[in-house]
Amino acid sequence: MSSNSTLSVDNKAVELAVKEGTIGPSVIDISKLYGQTGMFTYDPGFTSTAACESKITYIDGDKGILLYRGYPIDQLAEHGDFLETCYLLLYGELPTAAQKADFDYRVTRHTMVHDQMNRFFTGFRRDAHPMAIMVGCVGALSAFYHDSTDISDPHQRMIASMRMIAKMPTLAAMAYKYSIGQPFVHPQNDLDYTSNFLRMCFAVPAEEYKVNPVLARALDRIFILHADHEQNASTSTVRLAGSSGANPFACIAAGIACLWGPAHGGANEAALKMLEEIGTPDRIPEYIAKAKDKNDPFRLMGFGHRVYKNYDPRARIMQKTTHEVLNELGIKDDPLLDVAVELEQIALKDEYFVEKKLYPNIDFYSGITLKAMGFPTSMFTVLFALARTVGWIAQWSEMIEDPSQRIGRPRQLYTGAPLRPYIQETLRA
């Protein structure tokens, strides 16, 4: 369903189509604006621009709503598992029991990486950030799997999708093991997706490793909550890279590089560093005062959200998950977690935070949970990338199959020097 909107430019009326989505705001189609007026729109950060049409994820930040293919995030996280969510994002519907079994089987049988990939890791310094390793190794997958880089072939696109969802945990675990000087642990096919990943991260050859089901379920839930988030910076990067016809492995590597930024995927790491700065619960009032002081540069990380002007719907589930993990592990004397729990209670009750809707967000809770599980802060964004891979792939596939898709080419408002003649060096003043 569409209508028209009239824009007046230099006393000339310009008719622009208005398009309506299933839910959410309508959009004004400005694709023909330049041709009709000779003008572009100016929208830094594209915060008021719809760059594509999508059927995958919907967010209503004012109401605190997040839907994957129409399903509320809390229901998916509470009742499903991560691979079910992967199937939903890729294919548009929840799987039947038979479809789920087949999908799980196919992902599991793709978890191993080519043995020569091991050599890539030895080229990195031991103290290399795991995200630096991930950018390099994911991009390098295109050098090993030539049979799934033809983006015009639907079958190859499907194989590439399966490979990336399956191999990302293996590469992430290898990046972690390399950073701490331990041998790589191969995937084990009789384990589920998340249990397999935990084993690859924390098992050692010297002893048997038994996966804690509470921790596996908690991490699986974290993966579901991070699987997709509409047209964020990294997803837009994947789409933009893909619009040039780049192979899917290169596109996902570009998304990982974008996610590495502290304003995007590094938010949970920043939240944990803030807790470390506070140090002990008795210093919380001091930092609360600093946060309220407009002249103080200190900001509480992990509170509020750029998109969600209400409570982050993922944070509710993550809050419950965090306390389940802390109870399971019996952590009672960790100063950092003491600070987190106390700060959480203050923020939920303090009039200043409630009025400004500065609720604890998913980054606040996920950082605490991942630390309790034993992951170093340098791995937090890697885990984010692992979970978001399916969202990137679903968005990339949707873009490739969209007949209106064109190579991305944002415009600009040029404010540099006007046309001027070149003057030879000997004549310059």
# chains A, B, ... in the order shown; residues from 1 in each chain; ligands from 1
$ residues_around --residues "range 141-150 of chain A" --least-positions-apart "3" --cutoff "10 Å" --atoms "only C-alpha atoms" --output "ChimeraX atom specification"
/A:113-114,116-117,136-138,153-161,163-164,167,245-250,253
$ write_last_selection --atoms "C-alpha atoms" --output "PDB file, in the first residue's frame"
ATOM      1  CA  VAL A 113      37.776 -25.935   9.414  1.00  0.00           C
ATOM      2  CA  HIS A 114      40.408 -26.816   6.852  1.00  0.00           C
ATOM      3  CA  GLN A 116      45.699 -25.514   6.821  1.00  0.00           C
ATOM      4  CA  MET A 117      43.760 -22.776   8.628  1.00  0.00           C
ATOM      5  CA  GLY A 136      41.722 -12.111   9.111  1.00  0.00           C
ATOM      6  CA  CYS A 137      40.629 -15.728   9.409  1.00  0.00           C
ATOM      7  CA  VAL A 138      36.987 -15.238   8.377  1.00  0.00           C
ATOM      8  CA  ASP A 153      24.114 -19.515  -7.410  1.00  0.00           C
ATOM      9  CA  PRO A 154      21.425 -20.050  -4.698  1.00  0.00           C
ATOM     10  CA  HIS A 155      22.927 -23.437  -3.787  1.00  0.00           C
ATOM     11  CA  GLN A 156      26.360 -21.926  -3.212  1.00  0.00           C
ATOM     12  CA  ARG A 157      24.840 -19.125  -1.151  1.00  0.00           C
ATOM     13  CA  MET A 158      23.150 -21.738   1.042  1.00  0.00           C
ATOM     14  CA  ILE A 159      26.395 -23.686   1.487  1.00  0.00           C
ATOM     15  CA  ALA A 160      28.291 -20.504   2.378  1.00  0.00           C
ATOM     16  CA  SER A 161      25.603 -19.618   4.922  1.00  0.00           C
ATOM     17  CA  ARG A 163      29.579 -22.940   6.627  1.00  0.00           C
ATOM     18  CA  MET A 164      29.788 -19.586   8.311  1.00  0.00           C
ATOM     19  CA  LYS A 167      32.617 -22.562  11.507  1.00  0.00           C
ATOM     20  CA  GLY A 245      29.192  -8.442  -5.404  1.00  0.00           C
ATOM     21  CA  ALA A 246      31.903  -9.353  -2.877  1.00  0.00           C
ATOM     22  CA  ASN A 247      31.925 -12.968  -1.713  1.00  0.00           C
ATOM     23  CA  PRO A 248      30.030 -13.720   1.517  1.00  0.00           C
ATOM     24  CA  PHE A 249      33.139 -14.519   3.570  1.00  0.00           C
ATOM     25  CA  ALA A 250      34.598 -11.095   2.748  1.00  0.00           C
ATOM     26  CA  ALA A 253      34.768 -10.150   7.695  1.00  0.00           C
TER      27      ALA A 253
END
$ closest_atom_pairs --of "range 196-283 of chain A" --to "range 308-330 of chain A" --cutoff "9 Å" --atoms "only C-alpha atoms" --output "CSV"
residue,atom,partner,partner_atom,distance
A:Val214,CA,A:Val325,CA,6.9
A:Leu215,CA,A:Val325,CA,6.4
A:Arg217,CA,A:Thr321,CA,8.8
A:Ala218,CA,A:Thr321,CA,5.9
A:Leu219,CA,A:Thr321,CA,8.9
A:Arg221,CA,A:Thr321,CA,8.0
A:Ile222,CA,A:Met318,CA,7.3
A:Leu225,CA,A:Arg314,CA,6.1
A:His226,CA,A:Arg314,CA,8.7
$ residues_around --residues "Cys201 in chain A" --least-positions-apart "6" --cutoff "9 Å" --atoms "only C-alpha atoms" --output "JSON, numbers by chain"
{"A": [170, 172, 173, 174, 176, 177, 184, 185, 375]}
$ residues_around --residues "Ile407 in chain A" --least-positions-apart "4" --cutoff "10 Å" --atoms "only C-alpha atoms" --output "list of chain:residue names"
A:Arg239, A:Leu240, A:Ala241, A:Gly242, A:Ser243, A:Ser244, A:Gly245
$ select_by_dssp --residues "range 31-272 of chain A" --states "strand (DSSP E or B)" --output "VMD selection string"
chain A and resid 57 to 60 65 to 68 71 to 72 204 207
$ write_last_selection --atoms "N, CA and C atoms" --output "mmCIF file, in the first residue's frame"
data_model
loop_
_atom_site.group_PDB
_atom_site.id
_atom_site.type_symbol
_atom_site.label_atom_id
_atom_site.label_comp_id
_atom_site.auth_asym_id
_atom_site.auth_seq_id
_atom_site.Cartn_x
_atom_site.Cartn_y
_atom_site.Cartn_z
ATOM 1 N N THR A 57 13.888 -8.390 10.692
ATOM 2 C CA THR A 57 13.835 -7.936 12.082
ATOM 3 C C THR A 57 13.121 -6.602 12.192
ATOM 4 N N TYR A 58 12.346 -6.445 13.250
ATOM 5 C CA TYR A 58 11.648 -5.184 13.486
ATOM 6 C C TYR A 58 11.898 -4.713 14.913
ATOM 7 N N ILE A 59 12.211 -3.420 15.043
ATOM 8 C CA ILE A 59 12.441 -2.808 16.352
ATOM 9 C C ILE A 59 11.529 -1.603 16.514
ATOM 10 N N ASP A 60 10.897 -1.509 17.669
ATOM 11 C CA ASP A 60 10.198 -0.295 18.070
ATOM 12 C C ASP A 60 10.879 0.168 19.345
ATOM 13 N N ILE A 65 10.310 -3.017 21.767
ATOM 14 C CA ILE A 65 9.903 -4.231 21.055
ATOM 15 C C ILE A 65 11.006 -4.661 20.101
ATOM 16 N N LEU A 66 11.307 -5.957 20.084
ATOM 17 C CA LEU A 66 12.234 -6.548 19.123
ATOM 18 C C LEU A 66 11.622 -7.840 18.611
ATOM 19 N N LEU A 67 11.410 -7.918 17.310
ATOM 20 C CA LEU A 67 10.814 -9.103 16.682
ATOM 21 C C LEU A 67 11.761 -9.696 15.661
ATOM 22 N N TYR A 68 11.915 -11.018 15.687
ATOM 23 C CA TYR A 68 12.592 -11.751 14.614
ATOM 24 C C TYR A 68 11.504 -12.407 13.771
ATOM 25 N N TYR A 71 8.283 -12.744 15.521
ATOM 26 C CA TYR A 71 8.227 -13.399 16.833
ATOM 27 C C TYR A 71 8.940 -12.542 17.887
ATOM 28 N N PRO A 72 8.319 -12.305 19.054
ATOM 29 C CA PRO A 72 8.962 -11.527 20.122
ATOM 30 C C PRO A 72 10.237 -12.212 20.601
ATOM 31 N N VAL A 204 40.820 -29.017 27.880
ATOM 32 C CA VAL A 204 42.261 -29.191 27.661
ATOM 33 C C VAL A 204 42.540 -30.687 27.511
ATOM 34 N N GLU A 207 42.621 -33.454 30.617
ATOM 35 C CA GLU A 207 41.508 -33.959 31.418
ATOM 36 C C GLU A 207 40.193 -33.843 30.654
#
$ residues_around --residues "Thr6 in chain A" --least-positions-apart "5" --cutoff "9 Å" --atoms "only C-alpha atoms" --output "mmCIF file with all heavy atoms, in the first residue's frame"
data_model
loop_
_atom_site.group_PDB
_atom_site.id
_atom_site.type_symbol
_atom_site.label_atom_id
_atom_site.label_comp_id
_atom_site.auth_asym_id
_atom_site.auth_seq_id
_atom_site.Cartn_x
_atom_site.Cartn_y
_atom_site.Cartn_z
ATOM 1 N N ALA A 13 6.424 21.996 -6.840
ATOM 2 C CA ALA A 13 5.890 20.842 -6.109
ATOM 3 C C ALA A 13 6.468 19.552 -6.674
ATOM 4 O O ALA A 13 6.439 19.325 -7.884
ATOM 5 C CB ALA A 13 4.374 20.827 -6.201
ATOM 6 N N VAL A 14 7.000 18.742 -5.793
ATOM 7 C CA VAL A 14 7.577 17.454 -6.187
ATOM 8 C C VAL A 14 6.779 16.340 -5.519
ATOM 9 O O VAL A 14 6.625 16.331 -4.288
ATOM 10 C CB VAL A 14 9.060 17.356 -5.782
ATOM 11 C CG1 VAL A 14 9.633 16.013 -6.205
ATOM 12 C CG2 VAL A 14 9.860 18.496 -6.379
ATOM 13 N N GLU A 15 6.250 15.431 -6.315
ATOM 14 C CA GLU A 15 5.475 14.311 -5.790
ATOM 15 C C GLU A 15 6.414 13.152 -5.446
ATOM 16 O O GLU A 15 7.177 12.682 -6.294
ATOM 17 C CB GLU A 15 4.438 13.849 -6.821
ATOM 18 C CG GLU A 15 3.314 14.842 -7.065
ATOM 19 C CD GLU A 15 2.389 14.968 -5.864
ATOM 20 O OE1 GLU A 15 2.132 13.948 -5.206
ATOM 21 O OE2 GLU A 15 1.939 16.095 -5.581
ATOM 22 N N LEU A 16 6.363 12.696 -4.205
ATOM 23 C CA LEU A 16 7.186 11.576 -3.753
ATOM 24 C C LEU A 16 6.270 10.493 -3.177
ATOM 25 O O LEU A 16 5.345 10.791 -2.428
ATOM 26 C CB LEU A 16 8.185 12.027 -2.679
ATOM 27 C CG LEU A 16 9.191 13.108 -3.102
ATOM 28 C CD1 LEU A 16 9.969 13.594 -1.892
ATOM 29 C CD2 LEU A 16 10.141 12.570 -4.174
ATOM 30 N N ALA A 17 6.548 9.258 -3.543
ATOM 31 C CA ALA A 17 5.732 8.149 -3.066
ATOM 32 C C ALA A 17 5.968 7.907 -1.581
ATOM 33 O O ALA A 17 7.089 8.052 -1.079
ATOM 34 C CB ALA A 17 6.051 6.885 -3.851
#
$ closest_residue --among "A:Gly21, A:Ser54, A:Glu276, A:Leu7" --to "Gln405 in chain A" --atoms "only C-alpha atoms"
A:Ser54
$ closest_residue --among "A:Met162, A:Val382, A:Val390, A:Met39" --to "Asp102 in chain A" --atoms "only C-alpha atoms"
A:Met162
$ atom_distance --atom1 "CA of Leu370 in chain A" --atom2 "CA of Leu198 in chain A"
11.6 Å
$ atom_distance --atom1 "CA of Arg119 in chain A" --atom2 "CA of Ala166 in chain A"
20.0 Å
$ closest_residue --among "A:Ala101, A:Ala128, A:Ile165, A:Ile288" --to "Thr389 in chain A" --atoms "only C-alpha atoms"
A:Ile165
$ atom_distance --atom1 "CA of Ala267 in chain A" --atom2 "CA of Asp363 in chain A"
6.0 Å
$ residues_around --residues "Phe124 in chain A" --least-positions-apart "3" --cutoff "12 Å" --atoms "only C-alpha atoms" --output "list in words"
Asn118, Arg119, Phe120, Phe121, Asp127, Ala128, His129, Pro130, Met131, Ala132, Ile133, Met134, Val135, Gly136, Cys137, Ala175, Tyr178 and Ser179 of chain A
$ write_last_selection --atoms "N, CA, C and O atoms" --output "PDB file, in the first residue's frame"
ATOM      1  N   ASN A 118      45.089 -23.703  10.446  1.00  0.00           N
ATOM      2  CA  ASN A 118      45.916 -23.620  11.651  1.00  0.00           C
ATOM      3  C   ASN A 118      47.134 -22.719  11.435  1.00  0.00           C
ATOM      4  O   ASN A 118      47.603 -22.046  12.357  1.00  0.00           O
ATOM      5  N   ARG A 119      47.644 -22.724  10.208  1.00  0.00           N
ATOM      6  CA  ARG A 119      48.854 -21.953   9.923  1.00  0.00           C
ATOM      7  C   ARG A 119      48.598 -20.452   9.999  1.00  0.00           C
ATOM      8  O   ARG A 119      49.528 -19.674  10.252  1.00  0.00           O
ATOM      9  N   PHE A 120      47.367 -20.041   9.763  1.00  0.00           N
ATOM     10  CA  PHE A 120      47.054 -18.620   9.837  1.00  0.00           C
ATOM     11  C   PHE A 120      47.310 -18.086  11.237  1.00  0.00           C
ATOM     12  O   PHE A 120      47.805 -16.973  11.414  1.00  0.00           O
ATOM     13  N   PHE A 121      46.958 -18.889  12.226  1.00  0.00           N
ATOM     14  CA  PHE A 121      47.063 -18.422  13.603  1.00  0.00           C
ATOM     15  C   PHE A 121      48.506 -18.187  14.018  1.00  0.00           C
ATOM     16  O   PHE A 121      48.794 -17.246  14.763  1.00  0.00           O
ATOM     17  N   ASP A 127      49.910 -11.921  21.529  1.00  0.00           N
ATOM     18  CA  ASP A 127      49.062 -10.956  22.227  1.00  0.00           C
ATOM     19  C   ASP A 127      48.096 -10.243  21.281  1.00  0.00           C
ATOM     20  O   ASP A 127      47.537  -9.202  21.616  1.00  0.00           O
ATOM     21  N   ALA A 128      47.899 -10.794  20.087  1.00  0.00           N
ATOM     22  CA  ALA A 128      46.959 -10.196  19.141  1.00  0.00           C
ATOM     23  C   ALA A 128      45.537 -10.257  19.707  1.00  0.00           C
ATOM     24  O   ALA A 128      45.144 -11.239  20.337  1.00  0.00           O
ATOM     25  N   HIS A 129      44.765  -9.194  19.488  1.00  0.00           N
ATOM     26  CA  HIS A 129      43.379  -9.193  19.948  1.00  0.00           C
ATOM     27  C   HIS A 129      42.604 -10.248  19.164  1.00  0.00           C
ATOM     28  O   HIS A 129      42.754 -10.358  17.933  1.00  0.00           O
ATOM     29  N   PRO A 130      41.777 -11.051  19.833  1.00  0.00           N
ATOM     30  CA  PRO A 130      41.019 -12.090  19.127  1.00  0.00           C
ATOM     31  C   PRO A 130      40.172 -11.550  17.976  1.00  0.00           C
ATOM     32  O   PRO A 130      39.950 -12.251  16.985  1.00  0.00           O
ATOM     33  N   MET A 131      39.714 -10.305  18.056  1.00  0.00           N
ATOM     34  CA  MET A 131      38.927  -9.751  16.953  1.00  0.00           C
ATOM     35  C   MET A 131      39.796  -9.508  15.725  1.00  0.00           C
ATOM     36  O   MET A 131      39.333  -9.640  14.586  1.00  0.00           O
ATOM     37  N   ALA A 132      41.051  -9.147  15.929  1.00  0.00           N
ATOM     38  CA  ALA A 132      41.973  -8.988  14.800  1.00  0.00           C
ATOM     39  C   ALA A 132      42.160 -10.328  14.093  1.00  0.00           C
ATOM     40  O   ALA A 132      42.192 -10.402  12.852  1.00  0.00           O
ATOM     41  N   ILE A 133      42.260 -11.379  14.886  1.00  0.00           N
ATOM     42  CA  ILE A 133      42.405 -12.728  14.328  1.00  0.00           C
ATOM     43  C   ILE A 133      41.143 -13.119  13.566  1.00  0.00           C
ATOM     44  O   ILE A 133      41.212 -13.689  12.465  1.00  0.00           O
ATOM     45  N   MET A 134      39.974 -12.802  14.120  1.00  0.00           N
ATOM     46  CA  MET A 134      38.713 -13.166  13.474  1.00  0.00           C
ATOM     47  C   MET A 134      38.536 -12.467  12.130  1.00  0.00           C
ATOM     48  O   MET A 134      38.091 -13.072  11.151  1.00  0.00           O
ATOM     49  N   VAL A 135      38.872 -11.184  12.065  1.00  0.00           N
ATOM     50  CA  VAL A 135      38.760 -10.452  10.801  1.00  0.00           C
ATOM     51  C   VAL A 135      39.600 -11.129   9.728  1.00  0.00           C
ATOM     52  O   VAL A 135      39.139 -11.358   8.606  1.00  0.00           O
ATOM     53  N   GLY A 136      40.830 -11.483  10.077  1.00  0.00           N
ATOM     54  CA  GLY A 136      41.722 -12.111   9.111  1.00  0.00           C
ATOM     55  C   GLY A 136      41.294 -13.510   8.710  1.00  0.00           C
ATOM     56  O   GLY A 136      41.254 -13.850   7.521  1.00  0.00           O
ATOM     57  N   CYS A 137      40.935 -14.319   9.689  1.00  0.00           N
ATOM     58  CA  CYS A 137      40.629 -15.728   9.409  1.00  0.00           C
ATOM     59  C   CYS A 137      39.281 -15.910   8.705  1.00  0.00           C
ATOM     60  O   CYS A 137      39.146 -16.770   7.834  1.00  0.00           O
ATOM     61  N   ALA A 175      40.720 -18.724  18.174  1.00  0.00           N
ATOM     62  CA  ALA A 175      41.299 -17.414  18.486  1.00  0.00           C
ATOM     63  C   ALA A 175      41.549 -17.290  19.989  1.00  0.00           C
ATOM     64  O   ALA A 175      42.581 -16.769  20.424  1.00  0.00           O
ATOM     65  N   TYR A 178      44.450 -19.680  21.056  1.00  0.00           N
ATOM     66  CA  TYR A 178      45.737 -19.147  20.605  1.00  0.00           C
ATOM     67  C   TYR A 178      46.203 -18.028  21.530  1.00  0.00           C
ATOM     68  O   TYR A 178      47.385 -17.930  21.858  1.00  0.00           O
ATOM     69  N   SER A 179      45.260 -17.181  21.961  1.00  0.00           N
ATOM     70  CA  SER A 179      45.623 -16.031  22.783  1.00  0.00           C
ATOM     71  C   SER A 179      46.117 -16.434  24.172  1.00  0.00           C
ATOM     72  O   SER A 179      46.848 -15.673  24.813  1.00  0.00           O
TER      73      SER A 179
END
$ closest_residue --among "A:Glu269, A:Glu401, A:Asp350, A:Glu425" --to "Thr381 in chain A" --atoms "only C-alpha atoms"
A:Glu269
$ closest_residue --among "A:Lys273, A:Ala417, A:Leu386, A:Arg106" --to "Met168 in chain A" --atoms "only C-alpha atoms"
A:Leu386
$ residues_around --residues "range 294-307 of chain A" --least-positions-apart "4" --cutoff "6 Å" --atoms "only C-alpha atoms" --output "MDAnalysis selection string"
chainID A and resid 61 271 290 358:361 363:364
$ decode --residues "range 36-66 of chain A" --atoms "N, CA and C atoms" --output "JSON list (two decimals), in the first residue's frame"
[["chain", "number", "residue", "atom", "x", "y", "z"],
["A", 36, "GLN", "N", 14.59, 14.91, -10.04],
["A", 36, "GLN", "CA", 13.52, 15.91, -10.17],
["A", 36, "GLN", "C", 13.93, 17.30, -9.68],
["A", 37, "THR", "N", 14.89, 17.35, -8.74],
["A", 37, "THR", "CA", 15.23, 18.65, -8.14],
["A", 37, "THR", "C", 16.70, 19.02, -8.25],
["A", 38, "GLY", "N", 17.56, 18.05, -8.55],
["A", 38, "GLY", "CA", 18.99, 18.32, -8.55],
["A", 38, "GLY", "C", 19.56, 18.41, -7.15],
["A", 39, "MET", "N", 18.82, 17.94, -6.15],
["A", 39, "MET", "CA", 19.26, 17.98, -4.75],
["A", 39, "MET", "C", 19.28, 16.58, -4.13],
["A", 40, "PHE", "N", 20.17, 16.42, -3.15],
["A", 40, "PHE", "CA", 20.20, 15.22, -2.33],
["A", 40, "PHE", "C", 19.64, 15.56, -0.96],
["A", 41, "THR", "N", 19.39, 14.54, -0.15],
["A", 41, "THR", "CA", 19.05, 14.75, 1.25],
["A", 41, "THR", "C", 20.33, 14.68, 2.07],
["A", 42, "TYR", "N", 20.31, 15.27, 3.24],
["A", 42, "TYR", "CA", 21.47, 15.27, 4.14],
["A", 42, "TYR", "C", 21.05, 14.58, 5.44],
["A", 43, "ASP", "N", 21.68, 13.45, 5.75],
["A", 43, "ASP", "CA", 21.28, 12.66, 6.90],
["A", 43, "ASP", "C", 22.48, 11.93, 7.49],
["A", 44, "PRO", "N", 23.34, 12.64, 8.24],
["A", 44, "PRO", "CA", 24.52, 12.01, 8.84],
["A", 44, "PRO", "C", 24.14, 10.80, 9.69],
["A", 45, "GLY", "N", 24.82, 9.69, 9.45],
["A", 45, "GLY", "CA", 24.53, 8.46, 10.19],
["A", 45, "GLY", "C", 23.32, 7.72, 9.67],
["A", 46, "PHE", "N", 22.64, 8.27, 8.64],
["A", 46, "PHE", "CA", 21.47, 7.64, 8.03],
["A", 46, "PHE", "C", 20.39, 7.31, 9.06],
["A", 47, "THR", "N", 20.27, 8.11, 10.10],
["A", 47, "THR", "CA", 19.32, 7.80, 11.17],
["A", 47, "THR", "C", 17.87, 8.05, 10.78],
["A", 48, "SER", "N", 17.66, 8.79, 9.68],
["A", 48, "SER", "CA", 16.29, 9.02, 9.21],
["A", 48, "SER", "C", 16.09, 8.46, 7.81],
["A", 49, "THR", "N", 16.96, 7.52, 7.43],
["A", 49, "THR", "CA", 16.93, 6.97, 6.07],
["A", 49, "THR", "C", 16.77, 5.46, 6.10],
["A", 50, "ALA", "N", 15.79, 4.94, 5.36],
["A", 50, "ALA", "CA", 15.66, 3.49, 5.18],
["A", 50, "ALA", "C", 16.47, 3.12, 3.94],
["A", 51, "ALA", "N", 17.54, 2.35, 4.14],
["A", 51, "ALA", "CA", 18.43, 2.01, 3.03],
["A", 51, "ALA", "C", 17.97, 0.77, 2.28],
["A", 52, "CYS", "N", 16.98, 0.07, 2.82],
["A", 52, "CYS", "CA", 16.54, -1.16, 2.18],
["A", 52, "CYS", "C", 15.14, -1.52, 2.66],
["A", 53, "GLU", "N", 14.57, -2.50, 2.03],
["A", 53, "GLU", "CA", 13.31, -3.10, 2.47],
["A", 53, "GLU", "C", 13.66, -4.46, 3.03],
["A", 54, "SER", "N", 13.16, -4.78, 4.22],
["A", 54, "SER", "CA", 13.54, -6.05, 4.85],
["A", 54, "SER", "C", 12.35, -6.69, 5.56],
["A", 55, "LYS", "N", 12.38, -8.03, 5.62],
["A", 55, "LYS", "CA", 11.33, -8.80, 6.28],
["A", 55, "LYS", "C", 11.88, -9.56, 7.50],
["A", 56, "ILE", "N", 13.09, -9.22, 7.92],
["A", 56, "ILE", "CA", 13.77, -10.06, 8.92],
["A", 56, "ILE", "C", 13.52, -9.61, 10.35],
["A", 57, "THR", "N", 13.89, -8.39, 10.69],
["A", 57, "THR", "CA", 13.84, -7.94, 12.08],
["A", 57, "THR", "C", 13.12, -6.60, 12.19],
["A", 58, "TYR", "N", 12.35, -6.45, 13.25],
["A", 58, "TYR", "CA", 11.65, -5.18, 13.49],
["A", 58, "TYR", "C", 11.90, -4.71, 14.91],
["A", 59, "ILE", "N", 12.21, -3.42, 15.04],
["A", 59, "ILE", "CA", 12.44, -2.81, 16.35],
["A", 59, "ILE", "C", 11.53, -1.60, 16.51],
["A", 60, "ASP", "N", 10.90, -1.51, 17.67],
["A", 60, "ASP", "CA", 10.20, -0.30, 18.07],
["A", 60, "ASP", "C", 10.88, 0.17, 19.35],
["A", 61, "GLY", "N", 11.78, 1.13, 19.19],
["A", 61, "GLY", "CA", 12.57, 1.57, 20.33],
["A", 61, "GLY", "C", 11.77, 2.27, 21.40],
["A", 62, "ASP", "N", 10.69, 2.96, 21.02],
["A", 62, "ASP", "CA", 9.88, 3.67, 22.00],
["A", 62, "ASP", "C", 9.10, 2.71, 22.90],
["A", 63, "LYS", "N", 8.67, 1.59, 22.32],
["A", 63, "LYS", "CA", 7.87, 0.62, 23.08],
["A", 63, "LYS", "C", 8.71, -0.54, 23.62],
["A", 64, "GLY", "N", 9.99, -0.58, 23.25],
["A", 64, "GLY", "CA", 10.84, -1.67, 23.72],
["A", 64, "GLY", "C", 10.47, -3.00, 23.10],
["A", 65, "ILE", "N", 10.31, -3.02, 21.77],
["A", 65, "ILE", "CA", 9.90, -4.23, 21.05],
["A", 65, "ILE", "C", 11.01, -4.66, 20.10],
["A", 66, "LEU", "N", 11.31, -5.96, 20.08],
["A", 66, "LEU", "CA", 12.23, -6.55, 19.12],
["A", 66, "LEU", "C", 11.62, -7.84, 18.61]]
